[in-house]
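With mmCIF, C-alpha atoms and all ligand atoms inside, this is my_file10.cif:
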```cif
data_upload
#
loop_
_atom_site.label_atom_id
_atom_site.label_comp_id
_atom_site.auth_asym_id
_atom_site.auth_seq_id
_atom_site.Cartn_x
_atom_site.Cartn_y
_atom_site.Cartn_z
CA MET A 163 4.21 8.45 -3.88
CA VAL A 164 3.55 5.92 -6.63
CA GLY A 165 -0.11 4.87 -6.68
CA GLY A 166 -3.25 6.67 -5.62
CA GLY A 167 -5.10 3.81 -3.95
CA VAL A 168 -6.11 3.96 -0.32
CA ILE A 169 -2.62 2.90 0.82
CA GLY A 170 -0.80 5.52 -1.26
CA LEU A 171 -3.26 8.21 -0.18
CA CYS A 172 -2.88 7.37 3.51
CA CYS A 173 0.93 7.32 3.16
CA ALA A 174 0.79 10.72 1.44
CA TYR A 175 -1.48 12.02 4.19
CA SER A 176 0.84 10.92 7.02
CA LEU A 177 3.98 12.13 5.22
CA ALA A 178 2.42 15.53 4.50
CA SER A 179 1.18 15.74 8.09
CA ASN A 180 4.80 15.18 9.21
CA GLY A 181 5.84 18.19 7.12
CA HIS A 182 7.11 16.47 3.93
CA GLU A 183 6.47 17.88 0.48
CA VAL A 184 4.59 15.05 -1.28
CA THR A 185 3.62 14.27 -4.89
CA VAL A 186 1.20 11.41 -5.65
CA VAL A 187 1.54 9.91 -9.16
CA GLU A 188 -1.43 7.81 -10.27
CA ARG A 189 -1.65 6.12 -13.66
CA ASP A 190 -5.41 6.49 -13.91
CA ARG A 191 -7.65 8.31 -11.45
CA LEU A 192 -7.38 8.02 -7.66
CA GLY A 193 -8.75 4.72 -6.37
CA SER A 194 -8.63 2.90 -9.71
CA GLY A 195 -7.35 -0.41 -8.35
CA ALA A 196 -8.99 -2.25 -5.46
CA SER A 197 -9.79 0.75 -3.29
CA ARG A 198 -13.27 1.89 -4.34
CA GLY A 199 -15.37 -1.24 -4.89
CA ASN A 200 -14.42 -3.25 -1.82
CA ALA A 201 -16.71 -4.31 1.03
CA GLY A 202 -15.78 -1.44 3.37
CA GLU A 203 -15.05 -3.63 6.40
CA VAL A 204 -12.98 -2.14 9.18
CA CYS A 205 -12.79 -4.94 11.71
CA PRO A 206 -9.64 -4.85 13.85
CA ASP A 207 -10.85 -7.74 16.03
CA LEU A 208 -11.22 -10.10 13.08
CA VAL A 209 -7.89 -9.83 11.27
CA GLU A 210 -6.18 -13.05 10.28
CA PRO A 211 -4.02 -14.23 7.37
CA LEU A 212 -5.91 -16.14 4.67
CA ALA A 213 -3.30 -18.91 4.89
CA ALA A 214 -4.90 -20.60 7.90
CA PRO A 215 -4.42 -24.28 8.76
CA GLY A 216 -7.05 -26.34 6.88
CA VAL A 217 -7.89 -23.59 4.38
CA ILE A 218 -6.29 -25.40 1.44
CA LEU A 219 -8.24 -28.63 1.99
CA SER A 220 -11.55 -26.84 2.36
CA ALA A 221 -10.83 -24.73 -0.77
CA LEU A 222 -9.96 -27.84 -2.79
CA ARG A 223 -13.26 -29.44 -1.76
CA THR A 224 -15.31 -26.60 -3.31
CA LEU A 225 -13.07 -25.68 -6.27
CA HIS A 226 -15.19 -27.62 -8.82
CA ARG A 227 -18.44 -25.85 -7.86
CA PRO A 228 -19.68 -23.00 -10.09
CA ASP A 229 -20.68 -20.97 -7.00
CA ALA A 230 -17.33 -21.56 -5.21
CA ALA A 231 -15.82 -18.42 -3.69
CA LEU A 232 -12.36 -19.47 -4.90
CA HIS A 233 -11.46 -19.79 -8.55
CA ILE A 234 -7.97 -20.63 -9.83
CA HIS A 235 -7.15 -20.15 -13.50
CA PRO A 236 -6.35 -23.62 -14.90
CA ALA A 237 -3.27 -22.42 -16.85
CA LEU A 238 -0.86 -22.11 -13.92
CA ASP A 239 2.07 -19.85 -14.74
CA ALA A 240 5.35 -19.53 -12.84
CA ASP A 241 4.17 -16.52 -10.79
CA LEU A 242 0.94 -18.21 -9.73
CA LEU A 243 2.78 -21.43 -8.85
CA ARG A 244 5.33 -19.54 -6.77
CA PHE A 245 2.50 -17.73 -4.99
CA LEU A 246 0.49 -20.91 -4.30
CA LEU A 247 3.55 -22.82 -3.04
CA GLY A 248 4.39 -19.95 -0.70
CA PHE A 249 0.79 -19.89 0.46
CA ALA A 250 0.86 -23.63 1.23
CA ARG A 251 4.11 -23.22 3.20
CA ASN A 252 2.47 -20.53 5.34
CA ALA A 253 -0.72 -22.42 6.16
CA THR A 254 0.68 -23.86 9.39
CA ARG A 255 -0.62 -23.23 12.89
CA ARG A 256 2.57 -21.47 14.01
CA ARG A 257 2.85 -19.12 11.01
CA TYR A 258 -0.87 -18.39 11.13
CA ARG A 259 -0.59 -17.39 14.82
CA THR A 260 2.43 -15.13 14.35
CA GLY A 261 0.82 -13.61 11.23
CA ALA A 262 -2.45 -12.93 13.04
CA ALA A 263 -0.55 -11.25 15.91
CA ALA A 264 1.41 -9.02 13.47
CA LEU A 265 -1.79 -8.00 11.68
CA ALA A 266 -3.56 -7.30 14.96
CA SER A 267 -0.74 -4.99 16.02
CA LEU A 268 -1.00 -3.11 12.70
CA ALA A 269 -4.80 -2.88 12.97
CA HIS A 270 -4.55 -1.41 16.46
CA ASN A 271 -5.89 2.19 16.50
CA THR A 272 -7.22 1.81 12.97
CA PHE A 273 -10.36 3.83 13.73
CA ASP A 274 -8.41 7.03 14.50
CA LEU A 275 -7.81 8.33 10.98
CA PHE A 276 -11.29 7.40 9.85
CA GLU A 277 -12.60 9.50 12.77
CA GLU A 278 -10.27 12.31 11.71
CA LEU A 279 -11.50 12.17 8.10
CA GLY A 280 -15.07 12.51 9.24
CA VAL A 281 -16.30 9.69 6.95
CA ASP A 282 -19.65 8.25 8.06
CA ALA A 283 -19.25 4.78 9.52
CA ASN A 284 -21.82 2.16 10.38
CA ARG A 285 -20.70 1.17 13.89
CA ASN A 286 -23.32 -1.50 14.55
CA GLY A 287 -20.89 -4.42 14.31
CA PHE A 288 -21.25 -7.33 11.86
CA LEU A 289 -23.83 -10.11 11.69
CA PHE A 290 -22.43 -13.44 10.50
CA ALA A 291 -24.99 -15.79 8.93
CA TYR A 292 -24.54 -19.48 8.05
CA GLY A 293 -26.54 -22.28 6.49
CA THR A 294 -26.07 -24.66 9.41
CA SER A 295 -25.63 -24.27 13.14
CA SER A 296 -22.47 -26.39 13.05
CA SER A 297 -20.71 -24.06 10.57
CA ALA A 298 -21.88 -21.03 12.58
CA ASP A 299 -20.58 -22.58 15.78
CA HIS A 300 -17.24 -23.48 14.17
CA ALA A 301 -16.74 -19.93 12.86
CA ARG A 302 -17.84 -18.42 16.16
CA ARG A 303 -15.25 -20.40 18.06
CA GLY A 304 -12.57 -19.33 15.57
CA PHE A 305 -13.36 -15.63 16.08
CA ALA A 306 -13.54 -16.08 19.85
CA ALA A 307 -10.03 -17.58 19.71
CA LEU A 308 -8.85 -14.36 18.02
CA GLY A 309 -10.26 -12.46 21.02
CA ALA A 310 -13.15 -10.89 19.05
CA PRO A 311 -16.25 -9.70 20.96
CA VAL A 312 -18.55 -12.45 19.61
CA GLY A 313 -22.13 -12.78 20.83
CA GLU A 314 -24.16 -15.91 21.46
CA LEU A 315 -25.32 -18.21 18.67
CA LEU A 316 -28.60 -16.92 17.19
CA PHE A 317 -31.27 -18.89 15.35
CA ASP A 318 -33.75 -16.12 14.46
CA LEU A 319 -31.74 -14.24 11.87
CA PRO A 320 -34.59 -13.29 9.45
CA ASP A 321 -36.48 -11.77 12.43
CA ARG A 322 -33.46 -9.67 13.30
CA GLU A 323 -32.56 -8.67 9.73
CA PRO A 324 -35.49 -9.10 7.32
CA CYS A 325 -33.14 -9.03 4.31
CA LEU A 326 -32.12 -12.53 5.42
CA ALA A 327 -34.01 -15.57 4.14
CA ALA A 328 -34.72 -18.92 5.79
CA GLY A 329 -31.43 -20.26 4.34
CA ALA A 330 -29.64 -18.18 7.00
CA ARG A 331 -30.23 -20.68 9.79
CA ALA A 332 -27.73 -19.64 12.44
CA GLY A 333 -25.23 -16.93 13.17
CA PHE A 334 -23.87 -14.42 15.64
CA VAL A 335 -23.04 -10.76 16.02
CA VAL A 336 -19.54 -9.36 16.45
CA GLU A 337 -19.80 -5.92 18.04
CA ASP A 338 -17.40 -2.98 17.71
CA GLN A 339 -16.56 -3.43 14.00
CA TRP A 340 -17.30 -0.72 11.42
CA SER A 341 -18.27 -0.57 7.80
CA LEU A 342 -17.48 2.44 5.59
CA ASP A 343 -18.19 3.59 2.08
CA PRO A 344 -14.79 3.01 0.38
CA ASN A 345 -15.58 5.65 -2.27
CA ALA A 346 -16.16 8.21 0.46
CA VAL A 347 -12.83 7.29 2.08
CA VAL A 348 -10.87 7.80 -1.18
CA ASP A 349 -12.66 11.10 -1.85
CA ALA A 350 -12.18 12.35 1.72
CA LEU A 351 -8.47 11.50 1.60
CA ALA A 352 -8.09 13.29 -1.74
CA ALA A 353 -9.78 16.39 -0.29
CA ARG A 354 -7.57 16.26 2.80
CA LEU A 355 -4.42 15.99 0.64
CA ARG A 356 -5.49 19.09 -1.28
CA THR A 357 -5.74 21.10 1.93
CA LEU A 358 -2.27 19.85 2.97
CA GLY A 359 -0.82 21.07 -0.34
CA VAL A 360 0.00 17.59 -1.70
CA SER A 361 0.41 17.60 -5.45
CA VAL A 362 -1.62 14.87 -7.18
CA ILE A 363 -0.81 13.88 -10.77
CA GLU A 364 -3.47 11.62 -12.29
CA GLY A 365 -3.21 9.88 -15.66
CA ALA A 366 0.59 9.43 -15.41
CA ARG A 367 1.89 5.89 -15.32
CA VAL A 368 5.15 5.32 -13.48
CA THR A 369 7.43 3.19 -15.61
CA ARG A 370 10.59 3.05 -13.51
CA VAL A 371 12.00 4.29 -10.23
CA VAL A 372 15.77 4.79 -10.23
CA GLU A 373 17.84 5.56 -7.16
CA GLY A 374 20.97 7.64 -7.47
CA ALA A 375 21.98 10.68 -5.42
CA ARG A 376 18.24 11.45 -5.61
CA VAL A 377 15.33 9.21 -6.57
CA GLN A 378 14.00 9.62 -10.10
CA VAL A 379 10.43 8.56 -10.74
CA HIS A 380 9.99 8.16 -14.49
CA THR A 381 6.39 8.53 -15.62
CA SER A 382 4.53 8.64 -18.93
CA ALA A 383 4.20 12.39 -18.32
CA GLY A 384 7.81 13.19 -17.38
CA THR A 385 10.20 12.61 -14.49
CA VAL A 386 9.65 13.56 -10.86
CA GLU A 387 12.77 13.87 -8.70
CA SER A 388 12.64 13.43 -4.95
CA ASP A 389 14.57 12.46 -1.82
CA ALA A 390 12.54 9.27 -1.46
CA ALA A 391 9.84 7.29 -3.26
CA VAL A 392 7.16 4.98 -1.89
CA LEU A 393 5.86 2.21 -4.16
CA ALA A 394 2.21 1.89 -3.18
CA ALA A 395 0.73 0.64 -6.43
CA GLY A 396 -1.18 -2.32 -4.99
CA VAL A 397 -0.55 -5.50 -6.95
CA TRP A 398 1.18 -3.49 -9.71
CA THR A 399 3.99 -2.81 -7.22
CA ARG A 400 5.42 -6.08 -8.50
CA GLU A 401 6.00 -4.58 -11.97
CA LEU A 402 7.72 -1.56 -10.44
CA GLY A 403 9.88 -3.77 -8.23
CA ARG A 404 10.87 -5.86 -11.24
CA ALA A 405 11.87 -2.74 -13.16
CA ALA A 406 14.17 -1.96 -10.20
CA GLY A 407 15.60 -5.51 -10.15
CA VAL A 408 13.53 -6.97 -7.31
CA ASP A 409 10.74 -9.49 -7.86
CA LEU A 410 8.21 -9.31 -4.99
CA ASN A 411 5.89 -12.28 -4.61
CA LEU A 412 2.62 -10.33 -4.95
CA PHE A 413 -0.27 -11.87 -6.87
CA PRO A 414 -3.73 -10.51 -7.73
CA GLY A 415 -6.62 -12.15 -5.88
CA LYS A 416 -9.44 -10.61 -7.86
CA GLY A 417 -12.68 -9.80 -6.09
CA TYR A 418 -15.97 -8.59 -7.50
CA SER A 419 -18.82 -6.44 -6.23
CA PHE A 420 -22.09 -4.93 -7.40
CA SER A 421 -25.00 -3.09 -5.85
CA VAL A 422 -28.67 -4.04 -5.54
CA ALA A 423 -31.89 -2.57 -4.19
CA VAL A 424 -33.42 -4.47 -1.27
CA ASP A 425 -36.86 -4.30 0.36
CA LYS A 426 -35.48 -4.03 3.90
CA MET A 427 -32.03 -2.53 4.36
CA PRO A 428 -30.02 -4.35 7.08
CA SER A 429 -28.97 -2.30 10.07
CA ARG A 430 -25.36 -3.50 9.78
CA LEU A 431 -22.91 -5.32 7.55
CA VAL A 432 -23.88 -8.96 7.09
CA HIS A 433 -21.39 -11.72 6.32
CA LEU A 434 -22.78 -14.75 4.54
CA GLY A 435 -20.18 -17.04 6.05
CA ASP A 436 -20.62 -20.25 4.03
CA ALA A 437 -21.00 -18.25 0.82
CA HIS A 438 -17.96 -16.03 1.61
CA VAL A 439 -19.94 -12.97 0.59
CA ALA A 440 -20.08 -9.60 2.38
CA VAL A 441 -23.29 -7.56 2.22
CA THR A 442 -22.68 -3.90 3.04
CA PRO A 443 -25.43 -1.29 3.42
CA LEU A 444 -24.28 1.78 1.48
CA GLY A 445 -26.88 4.54 1.32
CA ASP A 446 -30.06 3.20 -0.27
CA ARG A 447 -28.38 0.17 -1.88
CA LEU A 448 -26.62 -2.96 -0.76
CA ARG A 449 -23.11 -3.66 -1.97
CA ILE A 450 -22.56 -7.38 -2.44
CA ALA A 451 -18.89 -8.38 -2.59
CA GLY A 452 -17.01 -11.62 -2.77
CA THR A 453 -15.03 -14.24 -4.70
CA MET A 454 -11.27 -14.77 -4.90
CA GLU A 455 -10.06 -15.35 -8.43
CA PHE A 456 -6.41 -16.17 -9.07
CA ASP A 457 -5.98 -15.17 -12.68
CA ARG A 458 -2.93 -13.69 -14.39
CA ASP A 459 -4.74 -10.70 -15.82
CA HIS A 460 -5.15 -8.08 -13.08
CA ASP A 461 -7.90 -6.15 -14.83
CA ARG A 462 -10.01 -8.66 -16.74
CA PHE A 463 -13.66 -8.78 -15.66
CA HIS A 464 -15.43 -12.17 -15.85
CA ALA A 465 -19.24 -11.92 -15.68
CA ARG A 466 -19.34 -15.55 -14.53
CA ARG A 467 -17.76 -14.56 -11.20
CA ILE A 468 -20.65 -12.13 -10.57
CA ALA A 469 -23.03 -14.98 -11.42
CA ALA A 470 -21.17 -17.17 -8.89
CA ILE A 471 -21.72 -14.56 -6.16
CA VAL A 472 -25.44 -14.29 -7.02
CA ARG A 473 -25.78 -18.09 -6.89
CA ALA A 474 -23.90 -18.39 -3.61
CA ALA A 475 -25.67 -15.51 -1.83
CA GLY A 476 -29.18 -16.10 -3.23
CA PRO A 477 -30.40 -18.69 -0.67
CA TYR A 478 -29.47 -16.41 2.24
CA LEU A 479 -31.09 -13.16 1.14
CA ALA A 480 -34.73 -12.07 0.71
CA GLY A 481 -36.30 -9.10 -1.12
CA VAL A 482 -33.24 -8.44 -3.27
CA ASP A 483 -33.67 -7.11 -6.82
CA TRP A 484 -30.96 -9.31 -8.37
CA ALA A 485 -32.01 -8.48 -11.95
CA GLY A 486 -31.59 -4.75 -11.31
CA ARG A 487 -28.01 -5.01 -10.08
CA ARG A 488 -25.65 -2.16 -10.96
CA ASP A 489 -22.07 -1.01 -10.44
CA GLU A 490 -20.50 -4.35 -11.37
CA TRP A 491 -16.82 -4.06 -10.51
CA VAL A 492 -13.63 -6.10 -10.30
CA GLY A 493 -10.53 -5.21 -8.29
CA PRO A 494 -7.24 -7.01 -7.58
CA ARG A 495 -6.49 -7.65 -3.92
CA PRO A 496 -2.70 -7.46 -3.60
CA MET A 497 -2.12 -10.91 -2.10
CA THR A 498 1.06 -12.14 -0.42
CA PRO A 499 1.73 -15.80 0.42
CA ASP A 500 1.84 -15.15 4.18
CA GLY A 501 -1.10 -12.72 4.26
CA LEU A 502 1.04 -9.86 5.60
CA PRO A 503 1.74 -6.59 3.79
CA ALA A 504 5.17 -5.48 2.64
CA ILE A 505 6.09 -2.25 4.44
CA GLY A 506 9.72 -1.21 4.44
CA ARG A 507 12.68 -0.55 2.16
CA LEU A 508 12.77 -2.12 -1.27
CA PRO A 509 15.72 -4.56 -1.03
CA ARG A 510 19.04 -3.03 -2.13
CA HIS A 511 17.60 0.49 -1.96
CA ARG A 512 17.99 3.16 0.71
CA ASN A 513 15.34 5.66 -0.23
CA VAL A 514 12.81 3.58 -2.13
CA PHE A 515 10.12 2.15 0.13
CA VAL A 516 7.31 -0.32 -0.42
CA ALA A 517 3.78 -0.15 1.03
CA ALA A 518 1.82 -2.88 -0.71
CA GLY A 519 0.43 -6.39 -0.36
CA HIS A 520 -2.43 -5.68 2.03
CA ASN A 521 -4.42 -8.69 0.85
CA MET A 522 -8.06 -8.46 1.95
CA LEU A 523 -7.40 -5.78 4.58
CA GLY A 524 -6.03 -2.74 2.74
CA LEU A 525 -8.83 -0.31 3.54
CA MET A 526 -8.65 -1.15 7.22
CA LEU A 527 -4.85 -1.15 7.46
CA ALA A 528 -4.30 1.97 5.34
CA PRO A 529 -4.16 4.55 8.17
CA SER A 530 -1.67 2.59 10.26
CA THR A 531 0.39 1.77 7.15
CA GLY A 532 0.53 5.48 6.34
CA LYS A 533 1.81 6.25 9.82
CA MET A 534 4.39 3.46 9.63
CA VAL A 535 5.68 4.63 6.25
CA ALA A 536 5.98 8.23 7.45
CA GLY A 537 7.98 6.92 10.41
CA LEU A 538 10.26 4.90 8.10
CA VAL A 539 10.99 7.88 5.88
CA ASP A 540 11.84 9.81 9.06
CA GLY A 541 14.33 7.11 10.06
CA GLU A 542 12.32 4.71 12.23
CA LYS A 543 12.53 0.93 11.78
CA ALA A 544 9.60 -1.14 10.52
CA PRO A 545 8.71 -4.42 12.23
CA ALA A 546 10.60 -7.33 10.64
CA ALA A 547 7.30 -9.16 10.04
CA PHE A 548 6.49 -6.72 7.21
CA ASP A 549 9.96 -6.57 5.64
CA PRO A 550 9.53 -6.60 1.82
CA GLY A 551 12.76 -8.63 1.62
CA ARG A 552 10.89 -11.77 2.71
CA LEU A 553 8.92 -11.65 -0.58
CA ALA A 554 11.87 -10.78 -2.78
CA ARG A 555 13.90 -12.61 -5.33
CA ALA A 556 16.70 -10.94 -7.31
CA TRP A 557 15.59 -10.32 -10.85
C1 LIG B 1 -14.07 -7.56 -3.47
C2 LIG B 1 -13.09 -6.95 -2.48
C3 LIG B 1 -13.50 -6.71 -1.19
C4 LIG B 1 -12.61 -6.16 -0.26
N1 LIG B 1 -13.06 -5.84 0.98
C5 LIG B 1 -12.23 -5.23 1.85
C6 LIG B 1 -12.72 -4.80 3.12
O1 LIG B 1 -13.89 -4.98 3.41
N2 LIG B 1 -11.85 -4.19 3.97
C7 LIG B 1 -10.54 -4.00 3.66
O2 LIG B 1 -9.79 -3.48 4.49
N3 LIG B 1 -10.05 -4.37 2.45
C8 LIG B 1 -10.87 -4.98 1.54
N4 LIG B 1 -10.40 -5.36 0.32
C9 LIG B 1 -8.96 -5.20 0.04
C10 LIG B 1 -8.62 -3.76 -0.33
O3 LIG B 1 -9.51 -3.29 -1.30
C11 LIG B 1 -7.18 -3.71 -0.83
O4 LIG B 1 -6.31 -4.35 0.09
C12 LIG B 1 -6.73 -2.25 -0.99
O5 LIG B 1 -7.59 -1.55 -1.86
C13 LIG B 1 -5.31 -2.17 -1.53
O6 LIG B 1 -5.02 -0.81 -1.67
P1 LIG B 1 -3.73 -0.32 -2.47
O7 LIG B 1 -3.75 1.16 -2.42
O8 LIG B 1 -2.54 -1.07 -1.99
O9 LIG B 1 -3.96 -0.85 -3.96
P2 LIG B 1 -5.01 -0.36 -5.06
O10 LIG B 1 -6.30 0.02 -4.43
O11 LIG B 1 -5.07 -1.42 -6.10
O12 LIG B 1 -4.37 0.96 -5.64
C14 LIG B 1 -3.21 0.92 -6.42
C15 LIG B 1 -3.21 2.17 -7.28
O13 LIG B 1 -1.96 2.26 -7.95
C16 LIG B 1 -2.20 2.68 -9.28
N5 LIG B 1 -1.08 2.23 -10.11
C17 LIG B 1 -0.79 0.97 -10.52
N6 LIG B 1 0.30 0.95 -11.26
C18 LIG B 1 0.75 2.21 -11.35
C19 LIG B 1 1.84 2.82 -12.00
N7 LIG B 1 2.73 2.10 -12.71
N8 LIG B 1 1.98 4.15 -11.91
C20 LIG B 1 1.10 4.91 -11.18
N9 LIG B 1 0.03 4.37 -10.54
C21 LIG B 1 -0.14 3.04 -10.62
C22 LIG B 1 -3.51 2.00 -9.64
O14 LIG B 1 -4.15 2.64 -10.75
C23 LIG B 1 -4.30 2.14 -8.35
O15 LIG B 1 -5.06 3.32 -8.30
C24 LIG B 1 -11.27 -5.90 -0.63
C25 LIG B 1 -10.86 -6.13 -1.96
C26 LIG B 1 -11.75 -6.64 -2.87
C27 LIG B 1 -11.30 -6.85 -4.29
#
```
For the file at hand, write its structure as structure tokens.
Ligand SMILES: Cc1cc2nc3c(=O)[nH]c(=O)nc-3n(C[C@H](O)[C@H](O)[C@H](O)COP(=O)(O)OP(=O)(O)OC[C@H]3O[C@@H](n4cnc5c(N)ncnc54)[C@H](O)[C@@H]3O)c2cc1C
Amino acid sequence: MVGGGVIGLCCAYSLASNGHEVTVVERDRLGSGASRGNAGEVCPDLVEPLAAPGVILSALRTLHRPDAALHIHPALDADLLRFLLGFARNATRRRYRTGAAALASLAHNTFDLFEELGVDANRNGFLFAYGTSSSADHARRGFAALGAPVGELLFDLPDREPCLAAGARAGFVVEDQWSLDPNAVVDALAARLRTLGVSVIEGARVTRVVEGARVQVHTSAGTVESDAAVLAAGVWTRELGRAAGVDLNLFPGKGYSFSVAVDKMPSRLVHLGDAHVAVTPLGDRLRIAGTMEFDRDHDRFHARRIAAIVRAAGPYLAGVDWAGRRDEWVGPRPMTPDGLPAIGRLPRHRNVFVAAGHNMLGLMLAPSTGKMVAGLVDGEKAPAAFDPGRLARAW
């Protein structure tokens, strides 16, 4: 297993549960990519590809604003252009519908492994809050069309959740969705792998995976030989694919988060819909997460994106100690142009598999991805919708 993010860990868990001998190779420490600082949403009724009809126009309208959720690096390179063109091609009603259906099928039963891991979950559903009743109503109708259990429009949000300010004018609750502490998920998976006898090598960067009679995984700490390898290195899977002659159209959509103290902790995860910010209660602090930055450098942290989140979320929240924020973090969402992950064989390989490209949904889709990958290694077929070949170009 190449990569110790939540996807690699869940794949290792399912493979080991099926009786395989598994080694996880992680270049840093487990959960070093996007898996620890995310918003912790597990919301199988709300899954949809980002490339929705109309999303490009509405993004272009806000792009110039300093508090815009979307930021695109002005120096477009070939990879970013290829990604954005693919994204535009997918933002049609038909592709959005088929993509949403494929994601919904993958999200089905997503709660099972989280139950099995025994990680605490907040099961109170999500509250969506908006600055105007028309934007709340528009969003509510969109979620209802996905079949989500949406409640009535509400106009008394600060009475219901005192961490909300008067700027949160209207909203609604979606029941039956969970929020989790992503750190706790990574740690619980690591503990479970230990009990299953999975060998975990941290601090070893995989440089190349070569398929011959066996699969050789070359790392900075030596070579691991195996019957099969799974590339689950989040957005860095692209580099590994390239080293094997296949260029997968994966691009980092960097997101940021931080934690703050708040006078009144909300009883459930709150989505600031117009601000595109998620507010997750985690213990005695709130995690505030948001922004989508398309920038070539996967790891670079820009303090101005944190400032953009503070500016965007500020009018909606009350009693927040913004100045005392901690745990500032950036992580690359592994984005694909059609919003669907790549789960299946690496093109032109028999025993090298890919499990990457989970966009904004990797925590939620990790358990079902793990099960699917274990099935593939055992000879099952993956649904064509997730075939990595659709993202590939010979290198
Ligand atoms: C701000 C933000 C909020 C989000 N909120 C949610 C949410 O609420 N719910 C949800 O489901 N998803 C959410 N996501 C998305 C989710 O975090 C990702 O989809 C998920 O973490 C991807 O997991 P991964 O294991 O594929 O990749 P990663 O988490 O990036 O893990 C990849 C791992 O591979 C390792 N690696 C890389 N290269 C190599 C190499 N050459 N050799 C060895 N190891 C290597 C990395 O160090 C890393 O540990 C959010 C993301 C962000 C940024």
Inset, instruction - Would you please work out which residue, of A:Pro494, A:Val392, A:Pro215, A:Val347, is nearest to Gly532 of chain A when using only C-alpha atoms? - result: A:Val392
Inset, instruction - Identify, on the basis of all atoms listed in the file, every residue whose closest approach to Pro228 of chain A does not exceed 12 Å; exclude the query and any residue fewer than 3 positions from it along the same chain; express the result as a list in words. - result: Thr224, Leu225, Ala231, Leu232, His233, Ile234, Ala437, Thr453, Arg466, Arg467, Ile468, Ala469, Ala470, Ile471, Val472, Arg473 and Ala474 of chain A
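Atom to atom, atom CA of Val217 of chain A and atom CA of Pro414 of chain A stand 18.3 Å apart.
Using only C-alpha atoms and all ligand atoms, the nearest neighbour of ligand LIG 1 (chain B) within the list A:Ala253, A:Val312, A:Ala544, A:Leu412 is A:Leu412.
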Legend entry - Atomic distance atom CA of Leu538 of chain A - atom C5 of ligand LIG 1 (chain B), expressed in Å with one decimal: 25.4 Å
Selection: 8 Å around Glu387 of chain A, all atoms listed in the file, excl. self and same-chain fewer than 3 positions, as a PDB file with C-alpha atoms, keeping the file's coordinate frame:
```pdb
ATOM      1  CA  ARG A 376      18.240  11.450  -5.610  1.00  0.00           C
ATOM      2  CA  VAL A 377      15.330   9.210  -6.570  1.00  0.00           C
ATOM      3  CA  GLN A 378      14.000   9.620 -10.100  1.00  0.00           C
ATOM      4  CA  VAL A 379      10.430   8.560 -10.740  1.00  0.00           C
TER       5      VAL A 379
END
```
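Pairwise distance (atom CA of Arg462 of chain A, atom CA of Ser341 of chain A) equals 27.1 Å.
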Inset, instruction - Residues within 7 Å of ligand LIG 1 (chain B), counting all atoms listed in the file: report them as number ranges by chain. - result: A: 164-170, 187-197, 199-204, 366-369, 394-399, 402, 416-419, 451-453, 492-496, 518-527
Inset, instruction - Using all atoms listed in the file, pick whichever of A:Gly181, A:Pro503, A:Pro324, A:Gly304 has the shortest atom-to-atom distance to Lys426 of chain A. - result: A:Pro324
Legend entry - Proximity to Ala240 of chain A - best of A:Thr260, A:Thr442, A:Asn411, A:Ser388, only C-alpha atoms: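 Result for the nearest residue to Ala240 of chain A: A:Asn411.
Compared by their closest atoms to Gly365 of chain A, and using all atoms listed in the file, the residues A:Val186, A:Cys205, A:Cys325, A:Ala353 rank with A:Val186 nearest.
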Leu444 of chain A surroundings by only C-alpha atoms, 12 Å radius, close-in-sequence under 2 positions cut, as a tab-separated table (two decimals) with C-alpha atoms, keeping the file's coordinate frame:
```tsv
chain	number	residue	atom	x	y	z
A	199	GLY	CA	-15.37	-1.24	-4.89
A	200	ASN	CA	-14.42	-3.25	-1.82
A	201	ALA	CA	-16.71	-4.31	1.03
A	202	GLY	CA	-15.78	-1.44	3.37
A	203	GLU	CA	-15.05	-3.63	6.40
A	282	ASP	CA	-19.65	8.25	8.06
A	283	ALA	CA	-19.25	4.78	9.52
A	284	ASN	CA	-21.82	2.16	10.38
A	341	SER	CA	-18.27	-0.57	7.80
A	342	LEU	CA	-17.48	2.44	5.59
A	343	ASP	CA	-18.19	3.59	2.08
A	344	PRO	CA	-14.79	3.01	0.38
A	345	ASN	CA	-15.58	5.65	-2.27
A	346	ALA	CA	-16.16	8.21	0.46
A	420	PHE	CA	-22.09	-4.93	-7.40
A	421	SER	CA	-25.00	-3.09	-5.85
A	422	VAL	CA	-28.67	-4.04	-5.54
A	423	ALA	CA	-31.89	-2.57	-4.19
A	424	VAL	CA	-33.42	-4.47	-1.27
A	427	MET	CA	-32.03	-2.53	4.36
A	428	PRO	CA	-30.02	-4.35	7.08
A	429	SER	CA	-28.97	-2.30	10.07
A	430	ARG	CA	-25.36	-3.50	9.78
A	431	LEU	CA	-22.91	-5.32	7.55
A	441	VAL	CA	-23.29	-7.56	2.22
A	442	THR	CA	-22.68	-3.90	3.04
A	446	ASP	CA	-30.06	3.20	-0.27
A	447	ARG	CA	-28.38	0.17	-1.88
A	448	LEU	CA	-26.62	-2.96	-0.76
A	449	ARG	CA	-23.11	-3.66	-1.97
A	450	ILE	CA	-22.56	-7.38	-2.44
```
Inset, instruction - Go through A:Asp409, A:Ala547, A:Arg458, A:Met534 one by one, measure the shortest atom-to-atom distance of each to Leu508 of chain A using all atoms listed in the file, and give the residue with the smallest value. - result: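 Among A:Asp409, A:Ala547, A:Arg458, A:Met534, it is A:Asp409 that comes nearest to Leu508 of chain A.
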Inset, instruction - Show which residues sit within 9 Å of Arg251 of chain A, as a ChimeraX atom specification. Count only C-alpha atoms, and ignore same-chain residues fewer than 6 positions away. - result: /A:213,257,499-500
